[in-house]
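One file, start-v8.cif, is given below (mmCIF, N, CA and C atoms).
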```cif
data_entry
loop_
_atom_site.label_atom_id
_atom_site.label_comp_id
_atom_site.auth_asym_id
_atom_site.auth_seq_id
_atom_site.Cartn_x
_atom_site.Cartn_y
_atom_site.Cartn_z
N MET A 288 23.89 139.10 4.89
CA MET A 288 25.12 139.84 4.71
C MET A 288 24.95 140.75 3.50
N THR A 289 25.35 141.98 3.63
CA THR A 289 25.19 142.94 2.54
C THR A 289 26.32 142.78 1.54
N MET A 290 26.13 143.38 0.36
CA MET A 290 27.13 143.31 -0.70
C MET A 290 28.44 143.94 -0.24
N SER A 291 28.38 145.07 0.47
CA SER A 291 29.62 145.74 0.88
C SER A 291 30.36 144.92 1.93
N SER A 292 29.65 144.25 2.84
CA SER A 292 30.35 143.45 3.83
C SER A 292 30.97 142.21 3.17
N THR A 293 30.29 141.64 2.17
CA THR A 293 30.86 140.52 1.43
C THR A 293 32.11 140.98 0.71
N SER A 294 32.06 142.14 0.12
CA SER A 294 33.20 142.70 -0.59
C SER A 294 34.38 142.92 0.36
N THR A 295 34.09 143.42 1.55
CA THR A 295 35.14 143.66 2.54
C THR A 295 35.78 142.34 2.97
N ILE A 296 34.96 141.32 3.16
CA ILE A 296 35.49 140.00 3.53
C ILE A 296 36.38 139.48 2.42
N ASN A 297 35.94 139.60 1.16
CA ASN A 297 36.75 139.14 0.03
C ASN A 297 38.07 139.90 -0.05
N GLN A 298 38.06 141.21 0.21
CA GLN A 298 39.28 142.00 0.18
C GLN A 298 40.24 141.54 1.28
N LYS A 299 39.71 141.27 2.47
CA LYS A 299 40.57 140.81 3.56
C LYS A 299 41.16 139.45 3.24
N ALA A 300 40.33 138.55 2.68
CA ALA A 300 40.83 137.23 2.32
C ALA A 300 41.90 137.34 1.25
N ARG A 301 41.68 138.21 0.27
CA ARG A 301 42.65 138.38 -0.79
C ARG A 301 43.94 138.99 -0.25
N ALA A 302 43.84 139.89 0.69
CA ALA A 302 45.03 140.53 1.26
C ALA A 302 45.91 139.50 1.97
N ARG A 303 45.32 138.46 2.50
CA ARG A 303 46.07 137.41 3.21
C ARG A 303 46.57 136.32 2.27
N ARG A 304 46.05 136.28 1.06
CA ARG A 304 46.38 135.20 0.11
C ARG A 304 47.84 135.30 -0.31
N THR A 305 48.55 134.20 -0.20
CA THR A 305 49.91 134.12 -0.72
C THR A 305 50.03 132.85 -1.55
N PHE A 306 50.98 132.85 -2.45
CA PHE A 306 51.21 131.73 -3.35
C PHE A 306 52.57 131.12 -3.08
N CYS A 307 52.65 129.81 -3.15
CA CYS A 307 53.95 129.16 -3.25
C CYS A 307 54.23 129.05 -4.76
N VAL A 308 55.43 128.70 -5.12
CA VAL A 308 55.80 128.62 -6.53
C VAL A 308 54.89 127.63 -7.28
N GLU A 309 54.61 126.49 -6.67
CA GLU A 309 53.78 125.48 -7.32
C GLU A 309 52.36 125.99 -7.59
N GLU A 310 51.79 126.70 -6.61
CA GLU A 310 50.44 127.27 -6.80
C GLU A 310 50.45 128.30 -7.92
N ALA A 311 51.46 129.14 -7.93
CA ALA A 311 51.56 130.15 -8.98
C ALA A 311 51.66 129.48 -10.36
N ASN A 312 52.49 128.46 -10.45
CA ASN A 312 52.64 127.75 -11.73
C ASN A 312 51.36 127.05 -12.16
N ARG A 313 50.61 126.52 -11.20
CA ARG A 313 49.34 125.87 -11.54
C ARG A 313 48.33 126.87 -12.09
N SER A 314 48.42 128.12 -11.68
CA SER A 314 47.48 129.14 -12.16
C SER A 314 47.89 129.72 -13.51
N LEU A 315 49.11 129.43 -13.98
CA LEU A 315 49.62 130.04 -15.20
C LEU A 315 48.79 129.79 -16.46
N PRO A 316 48.22 128.61 -16.68
CA PRO A 316 47.42 128.46 -17.90
C PRO A 316 46.32 129.52 -18.01
N PHE A 317 45.63 129.77 -16.92
CA PHE A 317 44.59 130.80 -16.93
C PHE A 317 45.20 132.20 -16.95
N VAL A 318 46.14 132.45 -16.05
CA VAL A 318 46.75 133.78 -15.92
C VAL A 318 47.41 134.19 -17.24
N SER A 319 48.11 133.28 -17.88
CA SER A 319 48.81 133.64 -19.11
C SER A 319 47.83 134.01 -20.23
N ARG A 320 46.69 133.32 -20.30
CA ARG A 320 45.68 133.68 -21.32
C ARG A 320 45.13 135.07 -21.06
N VAL A 321 44.82 135.36 -19.79
CA VAL A 321 44.28 136.67 -19.45
C VAL A 321 45.32 137.76 -19.73
N VAL A 322 46.56 137.52 -19.33
CA VAL A 322 47.62 138.52 -19.53
C VAL A 322 47.87 138.74 -21.03
N ALA A 323 47.85 137.68 -21.83
CA ALA A 323 48.02 137.83 -23.28
C ALA A 323 46.91 138.72 -23.85
N ASP A 324 45.67 138.51 -23.39
CA ASP A 324 44.55 139.35 -23.82
C ASP A 324 44.76 140.80 -23.39
N ILE A 325 45.26 141.00 -22.18
CA ILE A 325 45.50 142.35 -21.67
C ILE A 325 46.54 143.07 -22.51
N VAL A 326 47.65 142.40 -22.81
CA VAL A 326 48.71 143.02 -23.61
C VAL A 326 48.19 143.39 -24.99
N GLU A 327 47.46 142.49 -25.61
CA GLU A 327 46.90 142.76 -26.94
C GLU A 327 45.91 143.92 -26.89
N LEU A 328 45.04 143.90 -25.91
CA LEU A 328 44.04 144.96 -25.77
C LEU A 328 44.70 146.29 -25.42
N HIS A 329 45.73 146.27 -24.60
CA HIS A 329 46.46 147.49 -24.27
C HIS A 329 47.03 148.12 -25.54
N ASP A 330 47.59 147.29 -26.41
CA ASP A 330 48.12 147.80 -27.68
C ASP A 330 47.01 148.47 -28.49
N GLN A 331 45.84 147.86 -28.52
CA GLN A 331 44.71 148.44 -29.25
C GLN A 331 44.28 149.78 -28.63
N VAL A 332 44.27 149.85 -27.30
CA VAL A 332 43.90 151.09 -26.61
C VAL A 332 44.89 152.21 -26.96
N VAL A 333 46.16 151.89 -26.98
CA VAL A 333 47.18 152.88 -27.32
C VAL A 333 46.96 153.40 -28.75
N ILE A 334 46.70 152.50 -29.68
CA ILE A 334 46.45 152.90 -31.07
C ILE A 334 45.20 153.75 -31.16
N LEU A 335 44.14 153.34 -30.48
CA LEU A 335 42.90 154.14 -30.48
C LEU A 335 43.15 155.54 -29.92
N ARG A 336 43.87 155.62 -28.81
CA ARG A 336 44.15 156.92 -28.19
C ARG A 336 44.94 157.82 -29.14
N ARG A 337 45.94 157.26 -29.79
CA ARG A 337 46.75 158.04 -30.75
C ARG A 337 45.90 158.51 -31.92
N THR A 338 45.03 157.63 -32.41
CA THR A 338 44.14 158.01 -33.51
C THR A 338 43.20 159.12 -33.08
N MET A 339 42.67 159.01 -31.86
CA MET A 339 41.78 160.06 -31.34
C MET A 339 42.52 161.40 -31.28
N GLU A 340 43.77 161.38 -30.85
CA GLU A 340 44.56 162.61 -30.78
C GLU A 340 44.78 163.19 -32.18
N ARG A 341 45.03 162.31 -33.16
CA ARG A 341 45.22 162.77 -34.53
C ARG A 341 43.93 163.38 -35.09
N VAL A 342 42.78 162.79 -34.74
CA VAL A 342 41.50 163.34 -35.17
C VAL A 342 41.30 164.73 -34.57
N GLU A 343 41.62 164.87 -33.28
CA GLU A 343 41.48 166.17 -32.61
C GLU A 343 42.34 167.24 -33.27
N LEU A 344 43.50 166.84 -33.80
CA LEU A 344 44.40 167.79 -34.47
C LEU A 344 44.06 167.98 -35.94
N GLY A 345 43.04 167.26 -36.41
CA GLY A 345 42.64 167.37 -37.81
C GLY A 345 43.54 166.60 -38.76
N LEU A 346 44.30 165.64 -38.23
CA LEU A 346 45.24 164.88 -39.05
C LEU A 346 44.70 163.52 -39.49
N HIS A 347 43.49 163.21 -39.06
CA HIS A 347 42.87 161.92 -39.39
C HIS A 347 41.39 162.16 -39.56
N GLY A 348 40.79 161.49 -40.53
CA GLY A 348 39.38 161.73 -40.84
C GLY A 348 38.39 160.77 -40.21
N ALA A 349 38.81 159.97 -39.25
CA ALA A 349 37.89 159.01 -38.62
C ALA A 349 36.81 159.73 -37.83
N ASP A 350 35.69 159.05 -37.65
CA ASP A 350 34.57 159.59 -36.87
C ASP A 350 34.94 159.55 -35.38
N PRO A 351 35.04 160.72 -34.75
CA PRO A 351 35.45 160.74 -33.34
C PRO A 351 34.50 160.00 -32.41
N ARG A 352 33.21 159.97 -32.73
CA ARG A 352 32.25 159.27 -31.87
C ARG A 352 32.49 157.77 -31.90
N VAL A 353 32.79 157.24 -33.08
CA VAL A 353 33.06 155.81 -33.20
C VAL A 353 34.34 155.47 -32.42
N LEU A 354 35.36 156.31 -32.58
CA LEU A 354 36.61 156.08 -31.86
C LEU A 354 36.40 156.13 -30.35
N GLU A 355 35.63 157.10 -29.88
CA GLU A 355 35.36 157.22 -28.44
C GLU A 355 34.61 156.00 -27.92
N ASP A 356 33.63 155.52 -28.70
CA ASP A 356 32.90 154.32 -28.30
C ASP A 356 33.82 153.11 -28.26
N ASP A 357 34.65 152.97 -29.28
CA ASP A 357 35.61 151.85 -29.31
C ASP A 357 36.58 151.93 -28.13
N TYR A 358 37.04 153.14 -27.83
CA TYR A 358 37.97 153.35 -26.73
C TYR A 358 37.32 152.98 -25.39
N ARG A 359 36.10 153.45 -25.19
CA ARG A 359 35.37 153.13 -23.95
C ARG A 359 35.16 151.62 -23.80
N ASP A 360 34.78 150.97 -24.90
CA ASP A 360 34.58 149.52 -24.86
C ASP A 360 35.88 148.79 -24.54
N ALA A 361 36.96 149.22 -25.16
CA ALA A 361 38.26 148.58 -24.92
C ALA A 361 38.69 148.78 -23.47
N MET A 362 38.50 149.97 -22.94
CA MET A 362 38.87 150.23 -21.55
C MET A 362 38.02 149.41 -20.58
N ARG A 363 36.75 149.24 -20.90
CA ARG A 363 35.87 148.40 -20.06
C ARG A 363 36.36 146.95 -20.08
N ARG A 364 36.69 146.44 -21.27
CA ARG A 364 37.20 145.06 -21.37
C ARG A 364 38.52 144.93 -20.63
N LEU A 365 39.36 145.94 -20.73
CA LEU A 365 40.64 145.92 -20.02
C LEU A 365 40.43 145.85 -18.51
N ARG A 366 39.52 146.67 -18.00
CA ARG A 366 39.20 146.63 -16.56
C ARG A 366 38.67 145.26 -16.15
N ASP A 367 37.82 144.66 -16.99
CA ASP A 367 37.28 143.34 -16.69
C ASP A 367 38.39 142.28 -16.63
N LEU A 368 39.33 142.36 -17.53
CA LEU A 368 40.45 141.41 -17.53
C LEU A 368 41.33 141.58 -16.29
N VAL A 369 41.58 142.83 -15.93
CA VAL A 369 42.38 143.08 -14.72
C VAL A 369 41.65 142.55 -13.49
N ARG A 370 40.32 142.69 -13.47
CA ARG A 370 39.52 142.13 -12.37
C ARG A 370 39.64 140.61 -12.30
N GLU A 371 39.72 139.97 -13.46
CA GLU A 371 39.91 138.51 -13.48
C GLU A 371 41.19 138.13 -12.75
N LEU A 372 42.26 138.87 -13.03
CA LEU A 372 43.53 138.59 -12.34
C LEU A 372 43.39 138.87 -10.85
N ASP A 373 42.70 139.94 -10.52
CA ASP A 373 42.51 140.30 -9.12
C ASP A 373 41.77 139.20 -8.37
N LEU A 374 40.79 138.59 -9.02
CA LEU A 374 40.03 137.51 -8.38
C LEU A 374 40.91 136.30 -8.10
N VAL A 375 41.90 136.08 -8.94
CA VAL A 375 42.85 134.98 -8.73
C VAL A 375 43.80 135.33 -7.58
N GLY A 376 44.02 136.63 -7.38
CA GLY A 376 44.94 137.08 -6.34
C GLY A 376 46.26 137.57 -6.91
N VAL A 377 46.27 137.82 -8.21
CA VAL A 377 47.47 138.24 -8.93
C VAL A 377 47.39 139.74 -9.22
N ASP A 378 48.52 140.42 -9.11
CA ASP A 378 48.57 141.86 -9.38
C ASP A 378 49.28 142.13 -10.69
N LEU A 379 48.60 142.81 -11.61
CA LEU A 379 49.21 143.19 -12.87
C LEU A 379 50.15 144.36 -12.62
N GLN A 380 51.39 144.23 -13.09
CA GLN A 380 52.40 145.28 -12.89
C GLN A 380 52.70 146.06 -14.15
N ASP A 381 52.55 145.44 -15.32
CA ASP A 381 52.94 146.09 -16.57
C ASP A 381 52.01 145.63 -17.68
N PHE A 382 51.20 146.55 -18.18
CA PHE A 382 50.24 146.25 -19.25
C PHE A 382 50.95 145.94 -20.56
N GLU A 383 52.08 146.59 -20.79
CA GLU A 383 52.78 146.46 -22.05
C GLU A 383 53.55 145.15 -22.18
N ARG A 384 54.27 144.80 -21.15
CA ARG A 384 55.09 143.58 -21.17
C ARG A 384 54.39 142.38 -20.55
N GLY A 385 53.27 142.59 -19.89
CA GLY A 385 52.55 141.48 -19.29
C GLY A 385 53.23 140.91 -18.07
N VAL A 386 53.60 141.78 -17.14
CA VAL A 386 54.26 141.35 -15.90
C VAL A 386 53.22 141.30 -14.79
N VAL A 387 53.21 140.16 -14.07
CA VAL A 387 52.30 140.02 -12.94
C VAL A 387 53.07 139.57 -11.71
N ASN A 388 52.52 139.92 -10.56
CA ASN A 388 53.09 139.51 -9.27
C ASN A 388 52.10 138.63 -8.53
N PHE A 389 52.64 137.57 -7.94
CA PHE A 389 51.88 136.68 -7.07
C PHE A 389 52.39 136.93 -5.66
N PRO A 390 51.56 137.40 -4.74
CA PRO A 390 52.02 137.61 -3.37
C PRO A 390 52.57 136.32 -2.77
N THR A 391 53.66 136.42 -2.04
CA THR A 391 54.28 135.26 -1.41
C THR A 391 54.96 135.70 -0.12
N LEU A 392 55.53 134.74 0.58
CA LEU A 392 56.31 135.04 1.78
C LEU A 392 57.72 134.48 1.59
N HIS A 393 58.69 135.24 2.02
CA HIS A 393 60.08 134.79 2.03
C HIS A 393 60.66 135.13 3.38
N ARG A 394 61.04 134.11 4.13
CA ARG A 394 61.56 134.30 5.48
C ARG A 394 60.60 135.14 6.32
N ARG A 395 59.32 134.79 6.22
CA ARG A 395 58.23 135.44 6.96
C ARG A 395 58.01 136.90 6.58
N GLN A 396 58.60 137.33 5.49
CA GLN A 396 58.40 138.70 4.99
C GLN A 396 57.61 138.62 3.68
N ARG A 397 56.72 139.62 3.49
CA ARG A 397 55.95 139.66 2.25
C ARG A 397 56.89 139.95 1.08
N ALA A 398 56.69 139.24 -0.01
CA ALA A 398 57.45 139.41 -1.24
C ALA A 398 56.51 139.05 -2.39
N VAL A 399 57.01 139.02 -3.60
CA VAL A 399 56.18 138.62 -4.74
C VAL A 399 56.94 137.67 -5.64
N LEU A 400 56.20 136.72 -6.17
CA LEU A 400 56.71 135.90 -7.26
C LEU A 400 56.40 136.68 -8.53
N SER A 401 57.37 136.82 -9.40
CA SER A 401 57.23 137.66 -10.58
C SER A 401 57.24 136.80 -11.84
N TRP A 402 56.26 137.03 -12.71
CA TRP A 402 56.16 136.30 -13.97
C TRP A 402 55.90 137.29 -15.09
N ARG A 403 56.50 137.03 -16.24
CA ARG A 403 56.34 137.88 -17.42
C ARG A 403 55.80 137.03 -18.56
N LEU A 404 54.86 137.58 -19.30
CA LEU A 404 54.28 136.89 -20.45
C LEU A 404 55.40 136.31 -21.33
N GLY A 405 55.26 135.04 -21.66
CA GLY A 405 56.26 134.36 -22.48
C GLY A 405 57.17 133.46 -21.68
N GLU A 406 57.27 133.70 -20.37
CA GLU A 406 58.08 132.82 -19.54
C GLU A 406 57.30 131.53 -19.30
N PRO A 407 57.98 130.37 -19.39
CA PRO A 407 57.26 129.10 -19.27
C PRO A 407 56.74 128.80 -17.86
N THR A 408 57.44 129.33 -16.85
CA THR A 408 57.03 129.09 -15.46
C THR A 408 57.31 130.34 -14.64
N VAL A 409 56.81 130.33 -13.42
CA VAL A 409 57.13 131.40 -12.48
C VAL A 409 58.51 131.07 -11.93
N GLY A 410 59.50 131.81 -12.37
CA GLY A 410 60.87 131.48 -12.03
C GLY A 410 61.61 132.54 -11.24
N PHE A 411 60.92 133.64 -10.91
CA PHE A 411 61.60 134.76 -10.24
C PHE A 411 60.75 135.31 -9.10
N TRP A 412 61.42 136.03 -8.22
CA TRP A 412 60.75 136.71 -7.11
C TRP A 412 61.53 137.98 -6.81
N HIS A 413 60.89 138.89 -6.06
CA HIS A 413 61.58 140.08 -5.55
C HIS A 413 60.80 140.62 -4.36
N GLY A 414 61.46 141.47 -3.59
CA GLY A 414 60.82 142.09 -2.43
C GLY A 414 59.73 143.05 -2.85
N LEU A 415 58.87 143.40 -1.92
CA LEU A 415 57.76 144.31 -2.23
C LEU A 415 58.23 145.68 -2.71
N ASP A 416 59.33 146.16 -2.17
CA ASP A 416 59.82 147.50 -2.53
C ASP A 416 60.80 147.47 -3.69
N GLU A 417 60.99 146.32 -4.29
CA GLU A 417 61.93 146.18 -5.39
C GLU A 417 61.17 146.04 -6.70
N GLY A 418 61.76 146.49 -7.76
CA GLY A 418 61.14 146.35 -9.07
C GLY A 418 61.57 145.08 -9.77
N THR A 419 61.00 144.86 -10.95
CA THR A 419 61.30 143.64 -11.69
C THR A 419 62.77 143.54 -12.11
N GLU A 420 63.47 144.68 -12.15
CA GLU A 420 64.89 144.63 -12.50
C GLU A 420 65.72 143.93 -11.43
N LEU A 421 65.17 143.76 -10.24
CA LEU A 421 65.87 143.07 -9.15
C LEU A 421 65.35 141.65 -8.92
N ARG A 422 64.68 141.09 -9.94
CA ARG A 422 64.16 139.73 -9.80
C ARG A 422 65.30 138.74 -9.57
N ARG A 423 65.05 137.81 -8.67
CA ARG A 423 66.00 136.75 -8.36
C ARG A 423 65.32 135.40 -8.58
N SER A 424 66.12 134.40 -8.81
CA SER A 424 65.61 133.06 -9.06
C SER A 424 64.80 132.54 -7.88
N VAL A 425 63.72 131.83 -8.16
CA VAL A 425 62.92 131.24 -7.08
C VAL A 425 63.69 130.15 -6.36
N ASP A 426 64.78 129.67 -6.94
CA ASP A 426 65.61 128.67 -6.26
C ASP A 426 66.10 129.21 -4.91
N MET A 427 66.23 130.53 -4.80
CA MET A 427 66.66 131.16 -3.55
C MET A 427 65.58 131.10 -2.47
N LEU A 428 64.33 130.86 -2.89
CA LEU A 428 63.23 130.83 -1.92
C LEU A 428 63.21 129.53 -1.12
N VAL A 429 63.79 128.49 -1.64
CA VAL A 429 63.79 127.21 -0.94
C VAL A 429 64.68 127.34 0.28
N SER A 430 64.06 127.17 1.42
CA SER A 430 64.82 127.33 2.68
C SER A 430 65.04 125.99 3.35
#
```

Go ahead and express the file in the form of structure tokens.
Amino acid sequence: MTMSSTSTINQKARARRTFCVEEANRSLPFVSRVVADIVELHDQVVILRRTMERVELGLHGADPRVLEDDYRDAMRRLRDLVRELDLVGVDLQDFERGVVNFPTLHRRQRAVLSWRLGEPTVGFWHGLDEGTELRRSVDMLVS
């Protein structure tokens, strides 16, 4: 089997993967550590980008090559962390607040379980076309 066919199989398997609330909660120790790292690293990337812009305007004396290297390294680490979540089957929705979605089913329709960094458990869900502002309690999922 070639690498691309293995990748295609993994993508198809991931596309079918859904979580129940208990499965999502069991993954939280790992997911929360990765998301905390993403939020922290995202903050660093934003600061680096702003500093690079200030250097370009002549408002900061930092070495632009060092900043560019640091920025590239941070972006690579950020991509690696997002890939970690992807391998679990979780979709990162917000780098700043640390919001992730766990694919799920509600009444045979695709939906997502929604978790935000700092929340003790996965306690909310919403439809695929709805944003986090429309999150509802997972208690509604029990049928």

(message) When you look at region 346-361 of chain A with a cut-off of 7 Å (counting all atoms listed in the file), what residues show up, excluding the ones that are within fewer than 5 positions of it in the same chain? I need them as a ChimeraX atom specification.
(response) /A:328,332,335-336,338-341,366

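Counting from atom C of His329 (chain A), the distance to atom N of Leu415 (chain A) is 26.8 Å.
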
(request) Just the strand (DSSP E) stuff from chain A, please, per backbone DSSP, written as a PyMOL selection string. (result) chain A and resi 378-381+386-393+396-403+411-414+423-424

Residues of region 291-382 of chain A at most 7 Å from region 403-412 of chain A: nearest atom pair and distance in Å, only N, CA and C atoms, as CSV:
```
residue,atom,partner,partner_atom,distance
A:Val308,CA,A:Val409,C,6.5
A:Ala311,C,A:Val409,N,6.1
A:Asn312,CA,A:Val409,N,5.2
A:Ser319,CA,A:Leu404,CA,6.5
A:Val322,C,A:Leu404,CA,6.7
A:Ala323,N,A:Leu404,CA,6.6
```

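When only C-alpha atoms are used to measure the gap to Trp402 (chain A), the shortest distance among A:Gly385, A:Gly376, A:Gly345, A:Pro316 belongs to A:Gly385.
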
(request) Find the distance between CA of Leu315 (chain A) and CA of Phe382 (chain A) and write it in Å to one decimal. (result) 16.7 Å

(request) May I have the residues within 6 Å of region 388-390 of chain A as a ChimeraX atom specification, using only N, CA and C atoms and disregarding those fewer than 5 positions away in the same chain? (result) /A:304-306,376-380,398-402

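CA of Ser314 (chain A) lies 23.2 Å from CA of Arg394 (chain A).
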
(request) Report the residues of region 291-428 of chain A whose backbone DSSP state falls under helix (DSSP H, G or I), written as a PyMOL selection string. (result) chain A and resi 291-303+308-343+351-375+419-421+425-428

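Nearest-residue note for Arg384 (chain A): choosing from A:Leu344, A:Met362, A:Ile325, A:Leu428, the minimum distance belongs to A:Ile325, counting only C-alpha atoms.
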
(message) Given all atoms listed in the file as the basis, pick out the residue of A:Glu343, A:Asp324, A:Ile334, A:Arg422 nearest to Leu368 (chain A).
(response)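 Among the listed residues, the smallest separation from Leu368 (chain A) belongs to A:Asp324.
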
(message) Ranking A:Asp426, A:His393, A:Asp416, A:Glu383 by minimum distance to Asp330 (chain A) and counting all atoms listed in the file, which one comes first?
(response) A:Glu383
